[in-house]
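The next block is query07.pdb, given as PDB, C-alpha atoms.
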ATOM      1  CA  MET D   1      -7.300  27.795  -0.230  1.00  0.00           C
ATOM      2  CA  ALA D   2      -3.812  26.295  -0.557  1.00  0.00           C
ATOM      3  CA  ILE D   3      -5.015  22.754   0.129  1.00  0.00           C
ATOM      4  CA  PHE D   4      -7.096  22.883  -3.081  1.00  0.00           C
ATOM      5  CA  LYS D   5      -4.390  24.343  -5.333  1.00  0.00           C
ATOM      6  CA  SER D   6      -2.552  22.214  -7.884  1.00  0.00           C
ATOM      7  CA  THR D   7       1.081  21.489  -7.066  1.00  0.00           C
ATOM      8  CA  LYS D   8       4.232  20.623  -8.979  1.00  0.00           C
ATOM      9  CA  PRO D   9       5.573  17.044  -8.772  1.00  0.00           C
ATOM     10  CA  ASP D  10       8.561  18.146  -6.689  1.00  0.00           C
ATOM     11  CA  SER D  11       6.456  20.098  -4.175  1.00  0.00           C
ATOM     12  CA  LEU D  12       6.679  19.185  -0.505  1.00  0.00           C
ATOM     13  CA  ALA D  13       3.372  20.544   0.782  1.00  0.00           C
ATOM     14  CA  SER D  14      -0.095  19.688  -0.513  1.00  0.00           C
ATOM     15  CA  GLY D  15      -3.557  18.944   0.772  1.00  0.00           C
ATOM     16  CA  ALA D  16      -3.170  15.303  -0.244  1.00  0.00           C
ATOM     17  CA  ASN D  17       0.048  14.981   1.763  1.00  0.00           C
ATOM     18  CA  LEU D  18      -1.662  16.455   4.823  1.00  0.00           C
ATOM     19  CA  ILE D  19      -4.433  13.869   4.489  1.00  0.00           C
ATOM     20  CA  THR D  20      -1.831  11.087   4.319  1.00  0.00           C
ATOM     21  CA  LEU D  21      -0.146  12.327   7.488  1.00  0.00           C
ATOM     22  CA  PHE D  22      -3.491  12.770   9.250  1.00  0.00           C
ATOM     23  CA  ARG D  23      -4.664   9.258   8.393  1.00  0.00           C
ATOM     24  CA  LEU D  24      -1.313   7.862   9.535  1.00  0.00           C
ATOM     25  CA  LEU D  25      -1.473   9.573  12.923  1.00  0.00           C
ATOM     26  CA  SER D  26      -5.191   8.977  13.487  1.00  0.00           C
ATOM     27  CA  SER D  27      -5.053   5.288  12.564  1.00  0.00           C
ATOM     28  CA  LEU D  28      -1.943   4.773  14.716  1.00  0.00           C
ATOM     29  CA  LEU D  29      -3.793   6.343  17.635  1.00  0.00           C
ATOM     30  CA  PHE D  30      -6.497   3.679  17.420  1.00  0.00           C
ATOM     31  CA  PHE D  31      -3.981   0.882  16.850  1.00  0.00           C
ATOM     32  CA  CYS D  32      -2.153   1.965  20.007  1.00  0.00           C
ATOM     33  CA  LEU D  33      -5.431   2.143  21.929  1.00  0.00           C
ATOM     34  CA  ALA D  34      -6.209  -1.386  20.757  1.00  0.00           C
ATOM     35  CA  ALA D  35      -2.842  -2.592  22.052  1.00  0.00           C
ATOM     36  CA  VAL D  36      -3.059  -0.765  25.377  1.00  0.00           C
ATOM     37  CA  TYR D  37      -6.673  -1.645  26.213  1.00  0.00           C
ATOM     38  CA  HIS D  38      -6.735  -4.932  24.287  1.00  0.00           C
ATOM     39  CA  ARG D  39      -9.966  -3.976  22.528  1.00  0.00           C
ATOM     40  CA  GLU D  40     -10.349  -5.284  19.003  1.00  0.00           C
ATOM     41  CA  LEU D  41     -12.889  -2.601  18.096  1.00  0.00           C
ATOM     42  CA  TYR D  42     -10.149   0.040  18.230  1.00  0.00           C
ATOM     43  CA  ASN D  43      -8.049  -2.052  15.875  1.00  0.00           C
ATOM     44  CA  TYR D  44     -10.864  -2.175  13.315  1.00  0.00           C
ATOM     45  CA  LEU D  45     -11.484   1.558  13.688  1.00  0.00           C
ATOM     46  CA  GLY D  46      -7.813   2.126  12.909  1.00  0.00           C
ATOM     47  CA  LEU D  47      -8.107  -0.108   9.844  1.00  0.00           C
ATOM     48  CA  GLY D  48     -11.195   1.794   8.717  1.00  0.00           C
ATOM     49  CA  LEU D  49      -9.322   5.102   8.997  1.00  0.00           C
ATOM     50  CA  HIS D  50      -6.430   3.569   7.073  1.00  0.00           C
ATOM     51  CA  TRP D  51      -8.654   2.472   4.178  1.00  0.00           C
ATOM     52  CA  LEU D  52     -10.710   5.672   4.146  1.00  0.00           C
ATOM     53  CA  GLY D  53      -7.642   7.902   4.333  1.00  0.00           C
ATOM     54  CA  ASP D  54      -5.817   5.895   1.679  1.00  0.00           C
ATOM     55  CA  TRP D  55      -8.741   6.371  -0.701  1.00  0.00           C
ATOM     56  CA  LEU D  56      -9.176  10.047   0.212  1.00  0.00           C
ATOM     57  CA  ASP D  57      -5.552  11.139  -0.239  1.00  0.00           C
ATOM     58  CA  GLY D  58      -5.450   9.446  -3.655  1.00  0.00           C
ATOM     59  CA  PHE D  59      -8.772  10.988  -4.685  1.00  0.00           C
ATOM     60  CA  TRP D  60      -7.621  14.402  -3.467  1.00  0.00           C
ATOM     61  CA  ALA D  61      -4.307  14.197  -5.321  1.00  0.00           C
ATOM     62  CA  LYS D  62      -6.005  13.271  -8.607  1.00  0.00           C
ATOM     63  CA  THR D  63      -8.952  15.664  -8.327  1.00  0.00           C
ATOM     64  CA  PHE D  64      -6.933  18.749  -7.373  1.00  0.00           C
ATOM     65  CA  LYS D  65      -3.828  17.821  -9.400  1.00  0.00           C
ATOM     66  CA  GLN D  66      -1.658  17.414  -6.317  1.00  0.00           C
ATOM     67  CA  ARG D  67       0.303  14.316  -7.298  1.00  0.00           C
ATOM     68  CA  THR D  68       3.814  14.732  -5.907  1.00  0.00           C
ATOM     69  CA  ILE D  69       6.823  12.462  -5.589  1.00  0.00           C
ATOM     70  CA  LEU D  70       6.951  13.035  -1.832  1.00  0.00           C
ATOM     71  CA  GLY D  71       3.244  12.285  -1.611  1.00  0.00           C
ATOM     72  CA  ALA D  72       3.747   8.969  -3.399  1.00  0.00           C
ATOM     73  CA  GLU D  73       6.640   8.090  -1.088  1.00  0.00           C
ATOM     74  CA  ILE D  74       4.872   8.854   2.184  1.00  0.00           C
ATOM     75  CA  ASP D  75       1.723   7.120   0.936  1.00  0.00           C
ATOM     76  CA  ILE D  76       3.677   3.909   0.291  1.00  0.00           C
ATOM     77  CA  ILE D  77       5.389   4.120   3.686  1.00  0.00           C
ATOM     78  CA  ALA D  78       2.199   5.018   5.585  1.00  0.00           C
ATOM     79  CA  ASP D  79       0.377   2.042   4.052  1.00  0.00           C
ATOM     80  CA  ARG D  80       3.031  -0.360   5.353  1.00  0.00           C
ATOM     81  CA  VAL D  81       3.287   1.201   8.820  1.00  0.00           C
ATOM     82  CA  GLU D  82      -0.478   1.097   9.274  1.00  0.00           C
ATOM     83  CA  CYS D  83      -0.657  -2.475   7.953  1.00  0.00           C
ATOM     84  CA  LEU D  84       2.054  -3.623  10.365  1.00  0.00           C
ATOM     85  CA  PHE D  85       0.384  -2.008  13.383  1.00  0.00           C
ATOM     86  CA  PHE D  86      -2.993  -3.508  12.479  1.00  0.00           C
ATOM     87  CA  PHE D  87      -1.702  -7.035  11.961  1.00  0.00           C
ATOM     88  CA  ILE D  88       0.547  -7.074  15.024  1.00  0.00           C
ATOM     89  CA  ASN D  89      -2.586  -6.316  17.034  1.00  0.00           C
ATOM     90  CA  PHE D  90      -4.627  -8.751  14.947  1.00  0.00           C
ATOM     91  CA  ILE D  91      -2.277 -11.629  15.787  1.00  0.00           C
ATOM     92  CA  SER D  92      -2.664 -10.889  19.496  1.00  0.00           C
ATOM     93  CA  PHE D  93      -6.440 -11.273  19.102  1.00  0.00           C
ATOM     94  CA  HIS D  94      -6.202 -14.230  16.695  1.00  0.00           C
ATOM     95  CA  PRO D  95      -2.948 -16.127  17.383  1.00  0.00           C
ATOM     96  CA  GLY D  96      -4.145 -19.074  15.311  1.00  0.00           C
ATOM     97  CA  LEU D  97      -3.786 -16.946  12.172  1.00  0.00           C
ATOM     98  CA  VAL D  98      -0.119 -16.122  12.716  1.00  0.00           C
ATOM     99  CA  TRP D  99       1.128 -17.972   9.617  1.00  0.00           C
ATOM    100  CA  PRO D 100      -1.173 -16.459   6.976  1.00  0.00           C
ATOM    101  CA  VAL D 101      -0.694 -13.040   8.583  1.00  0.00           C
ATOM    102  CA  THR D 102       3.093 -13.427   8.570  1.00  0.00           C
ATOM    103  CA  LEU D 103       3.117 -14.393   4.896  1.00  0.00           C
ATOM    104  CA  TYR D 104       0.860 -11.460   4.016  1.00  0.00           C
ATOM    105  CA  ILE D 105       3.078  -9.027   5.929  1.00  0.00           C
ATOM    106  CA  LEU D 106       6.114 -10.409   4.092  1.00  0.00           C
ATOM    107  CA  ASN D 107       4.295  -9.798   0.822  1.00  0.00           C
ATOM    108  CA  PHE D 108       2.908  -6.336   1.520  1.00  0.00           C
ATOM    109  CA  ALA D 109       5.510  -4.751   3.786  1.00  0.00           C
ATOM    110  CA  PHE D 110       8.612  -6.140   2.065  1.00  0.00           C
ATOM    111  CA  ILE D 111       8.101  -7.464  -1.482  1.00  0.00           C
ATOM    112  CA  ASP D 112       5.328  -5.075  -2.509  1.00  0.00           C
ATOM    113  CA  PHE D 113       7.135  -2.175  -0.845  1.00  0.00           C
ATOM    114  CA  TYR D 114      10.219  -2.881  -2.960  1.00  0.00           C
ATOM    115  CA  LEU D 115       8.121  -3.205  -6.118  1.00  0.00           C
ATOM    116  CA  SER D 116       6.120  -0.039  -5.453  1.00  0.00           C
ATOM    117  CA  TYR D 117       9.224   2.018  -4.773  1.00  0.00           C
ATOM    118  CA  GLN D 118      10.594   1.238  -8.246  1.00  0.00           C
ATOM    119  CA  PHE D 119       8.615   4.197  -9.610  1.00  0.00           C
ATOM    120  CA  ILE D 120      11.525   6.396  -8.503  1.00  0.00           C
ATOM    121  CA  LYS D 121      13.938   4.543 -10.795  1.00  0.00           C
ATOM    122  CA  PHE D 122      11.746   5.225 -13.823  1.00  0.00           C
ATOM    123  CA  ASP D 123      11.298   8.956 -13.146  1.00  0.00           C
ATOM    124  CA  LEU D 124       7.566   8.579 -12.516  1.00  0.00           C
ATOM    125  CA  ILE D 125       5.520  10.754 -10.176  1.00  0.00           C
ATOM    126  CA  SER D 126       3.831   7.749  -8.575  1.00  0.00           C
ATOM    127  CA  VAL D 127       2.887   4.098  -9.097  1.00  0.00           C
ATOM    128  CA  ASP D 128      -0.239   5.296 -10.927  1.00  0.00           C
ATOM    129  CA  PHE D 129       1.956   5.980 -13.961  1.00  0.00           C
ATOM    130  CA  PHE D 130       3.526   2.520 -14.243  1.00  0.00           C
ATOM    131  CA  TYR D 131       1.428   1.927 -17.363  1.00  0.00           C
ATOM    132  CA  LEU D 132       3.990   4.131 -19.130  1.00  0.00           C
ATOM    133  CA  VAL D 133       6.658   1.538 -18.319  1.00  0.00           C
ATOM    134  CA  ASP D 134       4.851  -1.807 -18.602  1.00  0.00           C
ATOM    135  CA  GLN D 135       1.147  -2.540 -19.050  1.00  0.00           C
ATOM    136  CA  LYS D 136       1.303  -5.992 -17.447  1.00  0.00           C
ATOM    137  CA  VAL D 137       3.028  -4.737 -14.304  1.00  0.00           C
ATOM    138  CA  PHE D 138       0.553  -1.874 -14.046  1.00  0.00           C
ATOM    139  CA  LYS D 139      -2.594  -3.976 -14.535  1.00  0.00           C
ATOM    140  CA  LEU D 140      -1.561  -6.707 -12.102  1.00  0.00           C
ATOM    141  CA  ASN D 141      -0.267  -4.424  -9.356  1.00  0.00           C
ATOM    142  CA  PHE D 142      -1.254  -0.769  -9.658  1.00  0.00           C
ATOM    143  CA  SER D 143      -4.595  -0.627 -11.458  1.00  0.00           C
ATOM    144  CA  GLN D 144      -7.632  -0.285  -9.185  1.00  0.00           C
ATOM    145  CA  PRO D 145      -8.386  -4.058  -9.313  1.00  0.00           C
ATOM    146  CA  GLY D 146      -4.694  -4.802  -8.739  1.00  0.00           C
ATOM    147  CA  LYS D 147      -4.512  -2.510  -5.718  1.00  0.00           C
ATOM    148  CA  PHE D 148      -7.728  -3.974  -4.299  1.00  0.00           C
ATOM    149  CA  ALA D 149      -6.453  -7.528  -4.658  1.00  0.00           C
ATOM    150  CA  ASN D 150      -3.144  -6.600  -3.059  1.00  0.00           C
ATOM    151  CA  SER D 151      -4.200  -4.517  -0.084  1.00  0.00           C
ATOM    152  CA  THR D 152      -7.819  -5.404   0.696  1.00  0.00           C
ATOM    153  CA  VAL D 153      -8.841  -8.943  -0.302  1.00  0.00           C
ATOM    154  CA  ILE D 154      -6.505 -10.836   2.056  1.00  0.00           C
ATOM    155  CA  PRO D 155      -7.239  -8.670   5.138  1.00  0.00           C
ATOM    156  CA  LEU D 156     -10.989  -9.016   4.499  1.00  0.00           C
ATOM    157  CA  LEU D 157     -10.712 -12.796   4.189  1.00  0.00           C
ATOM    158  CA  LEU D 158      -8.721 -13.024   7.414  1.00  0.00           C
ATOM    159  CA  ILE D 159     -11.227 -10.829   9.242  1.00  0.00           C
ATOM    160  CA  LEU D 160     -14.496 -12.192   7.850  1.00  0.00           C
ATOM    161  CA  LEU D 161     -13.573 -15.795   7.036  1.00  0.00           C
ATOM    162  CA  PRO D 162     -10.728 -16.752   9.394  1.00  0.00           C
ATOM    163  CA  ASP D 163     -11.420 -20.485   8.967  1.00  0.00           C
ATOM    164  CA  TRP D 164     -10.536 -20.086   5.302  1.00  0.00           C
ATOM    165  CA  TRP D 165      -6.924 -19.277   6.174  1.00  0.00           C
ATOM    166  CA  PRO D 166      -5.509 -21.987   3.831  1.00  0.00           C
ATOM    167  CA  LEU D 167      -7.106 -20.061   0.954  1.00  0.00           C
ATOM    168  CA  THR D 168      -5.484 -16.830   2.130  1.00  0.00           C
ATOM    169  CA  LEU D 169      -2.119 -18.611   2.183  1.00  0.00           C
ATOM    170  CA  LEU D 170      -2.586 -19.729  -1.424  1.00  0.00           C
ATOM    171  CA  LEU D 171      -3.784 -16.297  -2.569  1.00  0.00           C
ATOM    172  CA  THR D 172      -0.907 -14.547  -0.815  1.00  0.00           C
ATOM    173  CA  ALA D 173       1.574 -16.959  -2.382  1.00  0.00           C
ATOM    174  CA  GLY D 174       0.022 -16.077  -5.737  1.00  0.00           C
ATOM    175  CA  LEU D 175       0.429 -12.369  -5.027  1.00  0.00           C
ATOM    176  CA  ILE D 176       4.077 -12.925  -4.136  1.00  0.00           C
ATOM    177  CA  ALA D 177       4.649 -14.801  -7.402  1.00  0.00           C
ATOM    178  CA  VAL D 178       3.063 -11.954  -9.380  1.00  0.00           C
ATOM    179  CA  LYS D 179       5.158  -9.343  -7.602  1.00  0.00           C
ATOM    180  CA  VAL D 180       8.441 -11.206  -7.946  1.00  0.00           C
ATOM    181  CA  ASP D 181       7.720 -11.625 -11.666  1.00  0.00           C
ATOM    182  CA  SER D 182       6.906  -7.905 -11.904  1.00  0.00           C
ATOM    183  CA  ILE D 183      10.183  -7.014 -10.190  1.00  0.00           C
ATOM    184  CA  PHE D 184      12.137  -9.043 -12.748  1.00  0.00           C
ATOM    185  CA  ILE D 185      10.189  -7.442 -15.609  1.00  0.00           C
ATOM    186  CA  LEU D 186      11.062  -3.969 -14.325  1.00  0.00           C
ATOM    187  CA  ARG D 187      14.709  -4.907 -13.798  1.00  0.00           C
ATOM    188  CA  LYS D 188      14.854  -6.101 -17.401  1.00  0.00           C
ATOM    189  CA  LYS D 189      13.194  -2.885 -18.612  1.00  0.00           C
ATOM    190  CA  LYS D 190      15.661  -0.777 -16.640  1.00  0.00           C
ATOM    191  CA  SER D 191      18.595  -2.767 -18.001  1.00  0.00           C
ATOM    192  CA  GLN D 192      17.350  -2.333 -21.575  1.00  0.00           C
ATOM    193  CA  THR D 193      16.905   1.406 -21.040  1.00  0.00           C
ATOM    194  CA  ALA D 194      20.443   1.710 -19.659  1.00  0.00           C
ATOM    195  CA  GLN D 195      21.855  -0.155 -22.674  1.00  0.00           C
ATOM    196  CA  ILE D 196      20.041   2.141 -25.108  1.00  0.00           C
ATOM    197  CA  LYS D 197      21.349   5.242 -23.332  1.00  0.00           C
ATOM    198  CA  SER D 198      24.914   3.904 -23.357  1.00  0.00           C
TER     199      SER D 198
END
Could you show the structure in this file as structure tokens?
Amino acid sequence: MAIFKSTKPDSLASGANLITLFRLLSSLLFFCLAAVYHRELYNYLGLGLHWLGDWLDGFWAKTFKQRTILGAEIDIIADRVECLFFFINFISFHPGLVWPVTLYILNFAFIDFYLSYQFIKFDLISVDFFYLVDQKVFKLNFSQPGKFANSTVIPLLLILLPDWWPLTLLLTAGLIAVKVDSIFILRKKKSQTAQIKS
């Protein structure tokens, strides 16, 4: 079947891309239901679909050799859209957590988005190949522990230990510092590469 076939990096269609689109639409459905009916359970179901789908599309792309540039792009965008929908709902259920949530959204949807999208400037297929550019940037941001720390730890703390919100503020500030440093490292690398070529 076509969804199991390997694809070229510049391909538009792949099984992994379909999974990304499906998890985007299915999670948004539950986020919208949570907003309309003001039921927090729907919000958590949407988050579960987001996490499951995010793991599955990455697993599918690696297993069946379907890593594509478009797939990397829509994966990055889908992550941020789903995160924003979840946390907008989350604030309505937990207004006392507005400040740690706002800082986390600033980190993930803005700073981390900018950092993640730099893979295009280095002619990489996806963020998974940042180790070819800089080991430090890769380990801190795009290795499996780096991804977990960036996209999962803070949401879990806010959900499971809301009274610990000062800790989430400190951890998020730390993530922002790491990402800003990584952005400057990549800018320096790009500048050095441009000088060599010229």
Within 10 Å of D:Leu167 using all atoms listed in the file, minus same-chain residues under 3 positions, as a ChimeraX atom specification: /D:100,154,157-158,161-164,170-173
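Among the candidates D:Ser11, D:Ser126, D:Thr193, D:Ser151, the residue lying nearest to D:Leu47 is D:Ser151 (atoms considered: only C-alpha atoms).
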Who sits within 9 Å of stretch 37-40 of chain D, all atoms listed in the file, same chain under 3 positions skipped, as a list in words: Cys32, Leu33, Ala34, Asn43, Tyr44, Leu45, Asn89, Phe90, Ser92 and Phe93 of chain D
Once the PyMOL selection byres ((chain D and resi 87) around 9) has been evaluated on this model, what residues remain selected, and can you format them as a PDB file with C-alpha atoms, in the coordinates of the input?
ATOM      1  CA  ASN D  43      -8.049  -2.052  15.875  1.00  0.00           C
ATOM      2  CA  GLU D  82      -0.478   1.097   9.274  1.00  0.00           C
ATOM      3  CA  CYS D  83      -0.657  -2.475   7.953  1.00  0.00           C
ATOM      4  CA  LEU D  84       2.054  -3.623  10.365  1.00  0.00           C
ATOM      5  CA  PHE D  85       0.384  -2.008  13.383  1.00  0.00           C
ATOM      6  CA  PHE D  86      -2.993  -3.508  12.479  1.00  0.00           C
ATOM      7  CA  ILE D  88       0.547  -7.074  15.024  1.00  0.00           C
ATOM      8  CA  ASN D  89      -2.586  -6.316  17.034  1.00  0.00           C
ATOM      9  CA  PHE D  90      -4.627  -8.751  14.947  1.00  0.00           C
ATOM     10  CA  ILE D  91      -2.277 -11.629  15.787  1.00  0.00           C
ATOM     11  CA  SER D  92      -2.664 -10.889  19.496  1.00  0.00           C
ATOM     12  CA  VAL D 101      -0.694 -13.040   8.583  1.00  0.00           C
ATOM     13  CA  THR D 102       3.093 -13.427   8.570  1.00  0.00           C
ATOM     14  CA  ILE D 105       3.078  -9.027   5.929  1.00  0.00           C
ATOM     15  CA  PRO D 155      -7.239  -8.670   5.138  1.00  0.00           C
TER      16      PRO D 155
END
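The two atoms in question, atom CA of D:Arg67 and atom CA of D:Thr7, are spaced 7.2 Å apart.
Note that the spacing between atom CA of D:Lys136 and atom CA of D:Lys62 amounts to 22.4 Å.
Interatomic distance, atom CA of D:Ser191 to atom CA of D:Asn107: 24.7 Å.
Considering the residues D:Leu70, D:Leu115, D:Ala109, D:Leu56 and counting all atoms listed in the file, D:Leu140 has its shortest atom-to-atom contact with D:Leu115.
Environment of (-3.0, 16.3, 0.0): residues at most 10 Å away, judged by all atoms listed in the file, are Ile3, Phe4, Lys5, Ser6, Thr7, Ala13, Ser14, Gly15, Ala16, Asn17, Leu18, Ile19, Thr20, Leu21, Phe22, Leu56, Asp57, Gly58, Phe59, Trp60, Ala61, Lys62, Phe64, Lys65, Gln66, Arg67, Thr68 and Gly71 of chain D.
If you measure from each of D:Ile125, D:Leu97, D:Val180, D:Leu49 to D:Leu24 using all atoms listed in the file, the closest one turns out to be D:Leu49.
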Check what the PyMOL selection byres ((chain D and resi 190) around 12) selects in the file above and give those residues as JSON, numbers by chain. {"D": [118, 119, 120, 121, 122, 123, 133, 134, 183, 184, 185, 186, 187, 188, 189, 191, 192, 193, 194, 195, 196, 197]}
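Those residues that approach D:Asp128 to within 8 Å, counting all atoms listed in the file, are Phe138, Phe142 and Ser143 of chain D; same-chain residues fewer than 4 positions away are not listed.
Distance annotation: of D:Lys139, D:Lys8, D:Lys147, D:Arg23, the residue with the minimal separation from D:Ala78 is D:Arg23; atom set is only C-alpha atoms.
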Could you check which of D:Asp10, D:Asp79, D:Asp181, D:Asp112 is closest to D:Asp54, using all atoms listed in the file? D:Asp79
